[in-house]
>>> print(open('query-v2.csv').read())   # CSV, C-alpha atoms and all ligand atoms
chain,number,residue,atom,x,y,z
A,1,MET,CA,0.0,0.0,0.0
A,2,GLN,CA,1.2,3.5,-0.8
A,3,GLY,CA,-0.4,6.5,0.9
A,4,ILE,CA,-0.8,9.9,-0.7
A,5,VAL,CA,-2.2,13.1,0.7
A,6,SER,CA,-3.5,16.0,-1.3
A,7,ILE,CA,-2.4,18.9,0.8
A,8,LEU,CA,-1.9,22.7,1.1
A,9,GLN,CA,-2.8,24.9,4.0
A,10,LYS,CA,-5.0,27.1,1.7
A,11,GLY,CA,-8.6,26.7,0.7
A,12,GLY,CA,-9.9,26.5,-2.8
A,13,VAL,CA,-6.7,25.4,-4.5
A,14,GLY,CA,-8.1,22.0,-5.6
A,15,LYS,CA,-7.1,19.6,-2.9
A,16,SER,CA,-10.4,17.8,-2.9
A,17,THR,CA,-10.8,17.8,-6.6
A,18,THR,CA,-7.3,16.4,-7.0
A,19,ALA,CA,-7.8,13.7,-4.4
A,20,VAL,CA,-11.1,12.5,-5.8
A,21,ASN,CA,-10.1,12.5,-9.4
A,22,LEU,CA,-6.7,10.9,-8.7
A,23,ALA,CA,-8.6,8.1,-6.9
A,24,ALA,CA,-10.7,7.7,-10.0
A,25,ALA,CA,-7.7,7.6,-12.3
A,26,LEU,CA,-5.7,5.1,-10.3
A,27,SER,CA,-8.7,2.8,-10.0
A,28,GLU,CA,-9.6,2.7,-13.7
A,29,PRO,CA,-10.0,-1.0,-14.7
A,30,GLU,CA,-7.0,-0.7,-17.0
A,31,ARG,CA,-4.8,0.0,-14.0
A,32,GLY,CA,-6.7,-2.3,-11.7
A,33,ASN,CA,-5.5,-0.7,-8.5
A,34,LYS,CA,-7.6,-1.0,-5.3
A,35,VAL,CA,-7.9,2.5,-4.0
A,36,LEU,CA,-9.3,3.9,-0.8
A,37,LEU,CA,-10.2,7.6,-0.6
A,38,VAL,CA,-10.1,9.0,3.0
A,39,ASP,CA,-11.8,12.4,3.5
A,40,LEU,CA,-10.0,14.1,6.4
A,41,CYS,CA,-11.5,17.5,5.7
A,42,PRO,CA,-14.3,18.4,8.2
A,43,GLN,CA,-16.0,20.3,5.4
A,44,GLY,CA,-16.7,17.0,3.6
A,45,THR,CA,-16.1,18.3,0.1
A,46,ALA,CA,-14.5,15.1,-1.2
A,47,SER,CA,-17.3,13.0,0.4
A,48,GLU,CA,-19.9,15.0,-1.4
A,49,HIS,CA,-17.9,14.8,-4.6
A,50,VAL,CA,-18.3,11.0,-4.6
A,51,GLY,CA,-22.0,11.1,-3.5
A,52,VAL,CA,-21.8,10.2,0.2
A,53,TYR,CA,-23.0,13.5,1.7
A,54,GLY,CA,-25.7,11.9,3.8
A,55,GLU,CA,-23.3,10.1,6.0
A,56,TYR,CA,-21.4,13.2,6.6
A,57,HIS,CA,-24.3,14.9,8.4
A,58,SER,CA,-25.7,11.8,10.1
A,59,ASN,CA,-26.3,11.7,13.8
A,60,GLU,CA,-24.0,10.6,16.6
A,61,GLU,CA,-25.2,7.1,16.6
A,62,VAL,CA,-23.3,6.5,13.4
A,63,ASP,CA,-19.6,5.6,13.5
A,64,SER,CA,-17.0,7.8,11.9
A,65,LEU,CA,-13.3,7.8,11.3
A,66,ALA,CA,-13.1,10.8,13.7
A,67,TYR,CA,-14.2,8.6,16.6
A,68,HIS,CA,-11.6,5.9,15.7
A,69,LEU,CA,-8.9,8.6,15.8
A,70,ILE,CA,-9.6,9.3,19.5
A,71,GLY,CA,-10.0,5.6,20.3
A,72,LYS,CA,-13.8,5.8,20.5
A,73,GLY,CA,-14.7,3.9,17.3
A,74,LYS,CA,-18.1,2.2,17.4
A,75,GLY,CA,-17.1,-1.0,15.6
A,76,ASP,CA,-15.1,-2.2,12.6
A,77,LEU,CA,-13.8,0.6,10.5
A,78,ARG,CA,-14.7,-1.4,7.4
A,79,LYS,CA,-18.4,-0.6,8.2
A,80,ILE,CA,-17.9,3.0,7.2
A,81,ILE,CA,-16.1,2.2,3.9
A,82,PHE,CA,-18.5,3.0,1.0
A,83,GLU,CA,-18.2,1.8,-2.6
A,84,THR,CA,-18.0,4.8,-4.8
A,85,GLU,CA,-17.4,4.3,-8.6
A,86,ASN,CA,-14.3,2.1,-9.0
A,87,PHE,CA,-12.9,2.8,-5.6
A,88,SER,CA,-13.8,2.9,-1.9
A,89,THR,CA,-14.3,5.9,0.4
A,90,ILE,CA,-14.2,6.6,4.1
A,91,PRO,CA,-16.3,9.8,4.3
A,92,SER,CA,-15.8,12.8,6.4
A,93,HIS,CA,-18.1,13.6,9.3
A,94,ASP,CA,-19.2,16.7,11.4
A,95,SER,CA,-17.4,15.0,14.3
A,96,LEU,CA,-14.0,15.7,12.7
A,97,PHE,CA,-14.4,19.3,13.9
A,98,GLU,CA,-15.0,18.3,17.5
A,99,ILE,CA,-12.3,15.7,18.1
A,100,ARG,CA,-9.3,17.9,17.3
A,101,ALA,CA,-8.6,19.2,20.8
A,102,GLU,CA,-8.8,15.7,22.2
A,103,LEU,CA,-6.6,14.3,19.4
A,104,GLU,CA,-4.0,17.0,20.2
A,105,MET,CA,-3.8,15.9,23.8
A,106,MET,CA,-3.2,12.2,23.1
A,107,GLU,CA,0.3,11.1,23.5
A,108,ASP,CA,0.2,9.3,20.1
A,109,GLY,CA,-1.9,12.1,18.6
A,110,PRO,CA,0.1,12.6,15.4
A,111,GLN,CA,0.3,8.8,14.8
A,112,ARG,CA,-3.4,8.0,15.4
A,113,LEU,CA,-4.5,7.9,11.7
A,114,ASP,CA,-1.5,5.7,10.8
A,115,LYS,CA,-2.5,3.2,13.5
A,116,VAL,CA,-6.2,3.3,12.7
A,117,LEU,CA,-5.6,2.6,9.0
A,118,ARG,CA,-3.0,0.0,9.4
A,119,PRO,CA,-5.4,-3.0,9.5
A,120,LEU,CA,-6.6,-1.9,6.0
A,121,GLU,CA,-3.0,-1.7,4.6
A,122,LYS,CA,-3.2,-5.1,2.8
A,123,ASP,CA,-6.6,-4.4,1.2
A,124,PHE,CA,-5.5,-1.5,-0.9
A,125,ASP,CA,-2.8,-0.5,-3.4
A,126,TYR,CA,-3.3,3.2,-2.7
A,127,ILE,CA,-4.9,5.2,0.1
A,128,ILE,CA,-5.5,8.8,-0.9
A,129,ALA,CA,-6.3,11.3,1.8
A,130,ASP,CA,-7.9,14.7,1.3
A,131,SER,CA,-6.8,17.2,4.0
A,132,PRO,CA,-8.2,20.4,5.5
A,133,PRO,CA,-7.1,23.8,4.4
A,134,GLU,CA,-5.0,24.5,7.5
A,135,PHE,CA,-2.0,23.2,9.3
A,136,GLY,CA,-3.3,21.4,12.4
A,137,ILE,CA,-3.4,18.0,14.1
A,138,ILE,CA,-5.5,16.4,11.3
A,139,THR,CA,-3.1,17.5,8.6
A,140,ILE,CA,-0.2,16.3,10.7
A,141,ASN,CA,-1.9,12.9,11.0
A,142,ALA,CA,-2.4,12.9,7.3
A,143,ILE,CA,1.3,13.5,6.6
A,144,VAL,CA,2.5,10.9,9.1
A,145,ALA,CA,0.1,8.2,7.8
A,146,MET,CA,0.4,8.9,4.0
A,147,LYS,CA,4.0,10.1,3.8
A,148,ASN,CA,3.7,11.0,0.1
A,149,LEU,CA,2.5,14.5,-0.8
A,150,ILE,CA,0.6,15.9,-3.8
A,151,ILE,CA,0.4,19.7,-3.6
A,152,PRO,CA,-2.2,21.4,-5.9
A,153,ILE,CA,-1.6,25.1,-6.4
A,154,LEU,CA,-3.1,28.0,-8.1
A,155,MET,CA,-0.7,29.9,-10.3
A,156,GLU,CA,-0.5,32.9,-8.1
A,157,HIS,CA,2.4,34.4,-6.3
A,158,THR,CA,0.8,33.6,-2.9
A,159,SER,CA,1.2,30.0,-3.8
A,160,LEU,CA,5.0,30.3,-3.6
A,161,ARG,CA,4.9,31.4,0.0
A,162,ALA,CA,2.4,28.6,0.8
A,163,ILE,CA,4.7,25.9,-0.6
A,164,GLU,CA,7.6,27.3,1.3
A,165,ASP,CA,5.6,27.2,4.6
A,166,LEU,CA,4.4,23.7,3.9
A,167,MET,CA,8.0,22.6,3.2
A,168,ASP,CA,9.0,24.0,6.6
A,169,GLN,CA,6.3,22.1,8.3
A,170,VAL,CA,7.2,18.9,6.5
A,171,GLU,CA,10.8,19.4,7.6
A,172,ALA,CA,9.7,19.7,11.2
A,173,ILE,CA,7.7,16.5,10.9
A,174,ARG,CA,10.6,14.7,9.4
A,175,ASP,CA,12.9,15.8,12.3
A,176,ASN,CA,10.5,15.6,15.2
A,177,LEU,CA,8.4,12.5,14.3
A,178,GLU,CA,11.1,10.7,12.2
A,179,VAL,CA,8.8,10.2,9.3
A,180,ASP,CA,10.1,9.8,5.8
A,181,VAL,CA,8.0,12.3,3.9
A,182,LYS,CA,8.3,12.8,0.1
A,183,ILE,CA,6.8,15.4,-2.2
A,184,LEU,CA,5.5,13.3,-5.1
A,185,ALA,CA,4.2,16.2,-7.2
A,186,ILE,CA,3.2,19.9,-7.3
A,187,VAL,CA,0.2,20.2,-9.5
A,188,PRO,CA,-0.7,23.6,-11.2
A,189,ASN,CA,-4.5,23.8,-11.0
A,190,ARG,CA,-7.1,26.0,-12.7
A,191,VAL,CA,-4.4,27.2,-15.0
A,192,LEU,CA,-5.0,30.1,-17.4
A,193,ASN,CA,-2.7,31.4,-20.1
A,194,ASP,CA,-1.5,34.7,-18.6
A,195,SER,CA,1.7,36.4,-17.7
A,196,VAL,CA,1.3,35.8,-13.9
A,197,THR,CA,1.0,32.0,-14.6
A,198,GLN,CA,4.2,32.2,-16.6
A,199,ASP,CA,6.0,34.1,-13.9
A,200,VAL,CA,5.0,31.8,-11.1
A,201,LYS,CA,6.0,28.8,-13.3
A,202,GLU,CA,9.5,30.2,-13.7
A,203,LYS,CA,9.8,30.7,-9.9
A,204,LEU,CA,8.8,27.1,-9.3
A,205,GLU,CA,11.9,25.8,-11.2
A,206,GLY,CA,13.8,23.2,-9.3
A,207,LEU,CA,10.7,21.9,-7.5
A,208,PRO,CA,8.9,18.7,-8.4
A,209,VAL,CA,6.2,20.3,-10.6
A,210,VAL,CA,4.4,18.0,-13.1
A,211,ASP,CA,5.0,18.8,-16.8
A,212,PHE,CA,1.4,19.4,-17.6
A,213,ASP,CA,-1.3,21.7,-16.3
A,214,ILE,CA,-4.8,21.1,-14.9
A,215,ARG,CA,-6.5,23.9,-16.8
A,216,LYS,CA,-9.6,25.7,-15.7
A,217,ARG,CA,-12.6,23.6,-16.6
A,218,VAL,CA,-16.2,24.3,-15.5
A,219,ASP,CA,-16.9,20.6,-15.9
A,220,LEU,CA,-14.8,19.9,-12.8
A,221,LYS,CA,-17.2,22.1,-10.8
A,222,LYS,CA,-20.3,20.5,-12.4
A,223,ALA,CA,-19.0,17.0,-11.7
A,224,TRP,CA,-18.7,18.0,-8.0
A,225,VAL,CA,-22.3,19.2,-7.9
A,226,THR,CA,-23.6,15.9,-9.3
A,227,GLY,CA,-21.6,13.9,-6.8
A,228,GLN,CA,-19.4,12.2,-9.4
A,229,THR,CA,-15.8,12.2,-10.5
A,230,ILE,CA,-15.0,13.8,-13.8
A,231,PHE,CA,-14.4,10.2,-15.0
A,232,LYS,CA,-18.0,9.4,-14.6
A,233,TYR,CA,-19.6,12.8,-15.2
A,234,LYS,CA,-17.7,13.5,-18.5
A,235,PRO,CA,-15.4,10.7,-19.5
A,236,LYS,CA,-14.4,12.6,-22.7
A,237,SER,CA,-13.3,15.7,-20.9
A,238,ASP,CA,-9.7,16.6,-21.4
A,239,ALA,CA,-9.4,16.9,-17.6
A,240,VAL,CA,-9.7,13.1,-17.5
A,241,GLU,CA,-6.5,12.9,-19.5
A,242,TRP,CA,-4.7,15.2,-17.1
A,243,TYR,CA,-5.7,13.1,-14.1
A,244,ARG,CA,-4.5,10.0,-15.9
A,245,LYS,CA,-1.2,11.7,-16.4
A,246,LEU,CA,-1.1,12.5,-12.6
A,247,ALA,CA,-1.8,8.8,-12.0
A,248,ASP,CA,1.2,7.9,-14.3
A,249,VAL,CA,3.3,10.3,-12.2
A,250,VAL,CA,2.2,8.5,-9.0
A,251,GLU,CA,2.8,5.1,-10.4
A,252,ASN,CA,6.3,6.1,-11.5
A,253,GLY,CA,7.2,7.2,-8.0
A,254,GLY,CA,6.7,11.0,-8.4
A,255,VAL,CA,8.2,13.8,-10.5
A,256,LYS,CA,11.9,13.4,-11.1
A,257,ILE,CA,13.9,16.6,-10.8
A,258,GLU,CA,17.0,16.8,-13.1
B,301,LIG,N1,-9.2,22.9,-12.7
B,301,LIG,C1,-10.4,23.4,-12.2
B,301,LIG,N2,-11.2,24.1,-13.0
B,301,LIG,C2,-12.3,24.7,-12.6
B,301,LIG,N3,-12.7,24.6,-11.3
B,301,LIG,C3,-12.0,23.9,-10.4
B,301,LIG,C4,-10.8,23.3,-10.8
B,301,LIG,N4,-10.2,22.6,-9.8
B,301,LIG,C5,-11.1,22.9,-8.7
B,301,LIG,N5,-12.1,23.6,-9.1
B,301,LIG,C6,-13.3,24.1,-8.3
B,301,LIG,O1,-12.8,25.0,-7.4
B,301,LIG,C7,-13.4,24.9,-6.1
B,301,LIG,C8,-12.3,24.6,-5.0
B,301,LIG,O2,-11.8,23.3,-5.3
B,301,LIG,P1,-11.5,22.2,-4.2
B,301,LIG,O3,-11.0,21.0,-4.8
B,301,LIG,O4,-12.7,22.1,-3.3
B,301,LIG,O5,-10.3,23.0,-3.4
B,301,LIG,P2,-9.8,22.7,-1.9
B,301,LIG,O6,-10.1,21.3,-1.5
B,301,LIG,O7,-8.3,23.0,-2.0
B,301,LIG,O8,-10.5,23.7,-1.0
B,301,LIG,C9,-14.4,23.8,-6.3
B,301,LIG,O9,-15.6,24.4,-6.6
B,301,LIG,C10,-13.9,23.0,-7.5
B,301,LIG,O10,-15.0,22.4,-8.2
B,302,MG,MG,-11.1,20.6,0.1
>>> encode(input="query-v2.csv", output="structure tokens")
Amino acid sequence: MQGIVSILQKGGVGKSTTAVNLAAALSEPERGNKVLLVDLCPQGTASEHVGVYGEYHSNEEVDSLAYHLIGKGKGDLRKIIFETENFSTIPSHDSLFEIRAELEMMEDGPQRLDKVLRPLEKDFDYIIADSPPEFGIITINAIVAMKNLIIPILMEHTSLRAIEDLMDQVEAIRDNLEVDVKILAIVPNRVLNDSVTQDVKEKLEGLPVVDFDIRKRVDLKKAWVTGQTIFKYKPKSDAVEWYRKLADVVENGGVKIE
């Protein structure tokens, strides 16, 4: 099993879109990977994207990954794995908001997700996590458990600073928690042809940026609204080809820097 987390401590850059559509790409029958999507963002965007919104808002009687993180799971974790298109999904839940303080206080707080998912390790080729738009205990858990990062960015100058900050945080996790973290790919998202894009691209030189763009496509938004990946919503969209390329990058072990 290889873990991957779609990550950046900024909202609206495409983390959830990337996580969901990468899960779809890696699980296409031609590749035959068993893929688990884990929605770690309390906002539940990725869950909704694959049509499991109901579970997200369900009452306390229902189990959730959040309860497992604080050692209060209500049964086998497998019971909250849903079949969504060609892959499986553990949805987010309101309770992810509430458990953060408790998780922070646990001695093994940063390692909880890693421990909770370990029994599933043999069942999947890839586990892809979507993370919240901030740098907190949930994001730390995601990095520790997944170890491989995919960073979607908008082609704006603020993204450069965000990447720098993320790399500092990753360095701290490497040192303090002794986890071998790797940046698999930086993925330019919602790309337009303008001079700012070009300038940002030049400033990213030397970093593991993929050699293609995810361009701005309204179909990616529409797919989300219908609760389907772009692979199901519009299989002929050029965005499908871009996520296939991202899956190739993942299967080849990440972007190679010369
Ligand atoms: N390449 C794209 N083209 C057009 N819209 C996009 C693209 N990528 C993401 N979006 C849309 O932008 C919004 C934010 O994306 P999302 O994946 O939810 O970001 P994040 O998870 O980082 O907050 C969503 O409405 C999504 O549908
Ligand atoms: Mg999101």
>>> atom_distance(input="query-v2.csv", atom1="atom CA of A:Glu102", atom2="atom CA of A:Met1")
28.6 Å
>>> closest_residue(input="query-v2.csv", among="A:Lys15, A:Glu30, A:Thr45, A:Ile7", to="A:Leu166", atoms="only C-alpha atoms")
A:Ile7
>>> residues_around(input="query-v2.csv", residues="A:Ile4", least_positions_apart="6", cutoff="6 Å", atoms="all atoms listed in the file", output="PyMOL selection string")
chain A and resi 128+146+148-149
>>> residues_near_ligand(input="query-v2.csv", ligand="ligand MG 302 (chain B)", cutoff="8 Å", atoms="all atoms listed in the file", output="MDAnalysis selection string")
chainID A and resid 11:17 41 43:46 130:133
>>> write_last_selection(input="query-v2.csv", atoms="C-alpha atoms", output="PDB file, keeping the file's coordinate frame")
ATOM      1  CA  GLY A  11      -8.600  26.700   0.700  1.00  0.00           C
ATOM      2  CA  GLY A  12      -9.900  26.500  -2.800  1.00  0.00           C
ATOM      3  CA  VAL A  13      -6.700  25.400  -4.500  1.00  0.00           C
ATOM      4  CA  GLY A  14      -8.100  22.000  -5.600  1.00  0.00           C
ATOM      5  CA  LYS A  15      -7.100  19.600  -2.900  1.00  0.00           C
ATOM      6  CA  SER A  16     -10.400  17.800  -2.900  1.00  0.00           C
ATOM      7  CA  THR A  17     -10.800  17.800  -6.600  1.00  0.00           C
ATOM      8  CA  CYS A  41     -11.500  17.500   5.700  1.00  0.00           C
ATOM      9  CA  GLN A  43     -16.000  20.300   5.400  1.00  0.00           C
ATOM     10  CA  GLY A  44     -16.700  17.000   3.600  1.00  0.00           C
ATOM     11  CA  THR A  45     -16.100  18.300   0.100  1.00  0.00           C
ATOM     12  CA  ALA A  46     -14.500  15.100  -1.200  1.00  0.00           C
ATOM     13  CA  ASP A 130      -7.900  14.700   1.300  1.00  0.00           C
ATOM     14  CA  SER A 131      -6.800  17.200   4.000  1.00  0.00           C
ATOM     15  CA  PRO A 132      -8.200  20.400   5.500  1.00  0.00           C
ATOM     16  CA  PRO A 133      -7.100  23.800   4.400  1.00  0.00           C
TER      17      PRO A 133
END
>>> closest_residue(input="query-v2.csv", among="A:Ser27, A:Asn86, A:Ser95, A:Gln9", to="ligand LIG 301 (chain B)", atoms="only C-alpha atoms and all ligand atoms")
A:Gln9
>>> closest_residue(input="query-v2.csv", among="A:Asp211, A:Val144, A:Ser92, A:Phe87", to="A:Ala25", atoms="all atoms listed in the file")
A:Phe87
>>> residues_around(input="query-v2.csv", residues="A:Asp213", least_positions_apart="5", cutoff="9 Å", atoms="all atoms listed in the file", output="NGL selection string")
:A and (187-191 or 242)
>>> closest_residue(input="query-v2.csv", among="A:Leu160, A:Leu207, A:Val62, A:Ala101", to="A:Lys10", atoms="only C-alpha atoms")
A:Leu160
>>> closest_residue(input="query-v2.csv", among="A:Ile81, A:Ala172, A:Val209, A:Leu96", to="A:Ile186", atoms="only C-alpha atoms")
A:Val209
>>> residues_around(input="query-v2.csv", residues="A:Glu164", least_positions_apart="3", cutoff="12 Å", atoms="all atoms listed in the file", output="VMD selection string")
chain A and resid 8 to 9 151 157 to 161 167 to 171 203 to 204 207
>>> closest_residue(input="query-v2.csv", among="A:Asn176, A:Glu258, A:Asp194, A:Arg244", to="A:Pro208", atoms="only C-alpha atoms")
A:Glu258
>>> atom_distance(input="query-v2.csv", atom1="atom N1 of ligand LIG 301 (chain B)", atom2="atom CA of A:Val218")
7.7 Å
>>> residues_near_point(input="query-v2.csv", point="(9.6, 14.0, -2.9)", cutoff="9 Å", atoms="only C-alpha atoms", output="compact mmCIF listing (two decimals) with C-alpha atoms, in the frame of the given file")
# COMPACT_ATOMS: atom_id res chain seq x y z
CA ASN A 148 3.70 11.00 0.10
CA LEU A 149 2.50 14.50 -0.80
CA VAL A 181 8.00 12.30 3.90
CA LYS A 182 8.30 12.80 0.10
CA ILE A 183 6.80 15.40 -2.20
CA LEU A 184 5.50 13.30 -5.10
CA ALA A 185 4.20 16.20 -7.20
CA PRO A 208 8.90 18.70 -8.40
CA GLY A 253 7.20 7.20 -8.00
CA GLY A 254 6.70 11.00 -8.40
CA VAL A 255 8.20 13.80 -10.50
CA LYS A 256 11.90 13.40 -11.10
>>> atom_distance(input="query-v2.csv", atom1="atom CA of A:Val116", atom2="atom CA of A:Asp175")
22.8 Å
>>> residues_around(input="query-v2.csv", residues="A:Val52", least_positions_apart="6", cutoff="8 Å", atoms="all atoms listed in the file", output="list of chain:residue names")
A:Phe82, A:Pro91, A:Gly227
>>> residues_near_point(input="query-v2.csv", point="(-16.6, 10.0, -7.9)", cutoff="6 Å", atoms="only C-alpha atoms", output="MDAnalysis selection string")
chainID A and resid 49:50 85 228:229
>>> write_last_selection(input="query-v2.csv", atoms="C-alpha atoms", output="mmCIF file, keeping the file's coordinate frame")
data_model
loop_
_atom_site.group_PDB
_atom_site.id
_atom_site.type_symbol
_atom_site.label_atom_id
_atom_site.label_comp_id
_atom_site.auth_asym_id
_atom_site.auth_seq_id
_atom_site.Cartn_x
_atom_site.Cartn_y
_atom_site.Cartn_z
ATOM 1 C CA HIS A 49 -17.900 14.800 -4.600
ATOM 2 C CA VAL A 50 -18.300 11.000 -4.600
ATOM 3 C CA GLU A 85 -17.400 4.300 -8.600
ATOM 4 C CA GLN A 228 -19.400 12.200 -9.400
ATOM 5 C CA THR A 229 -15.800 12.200 -10.500
#
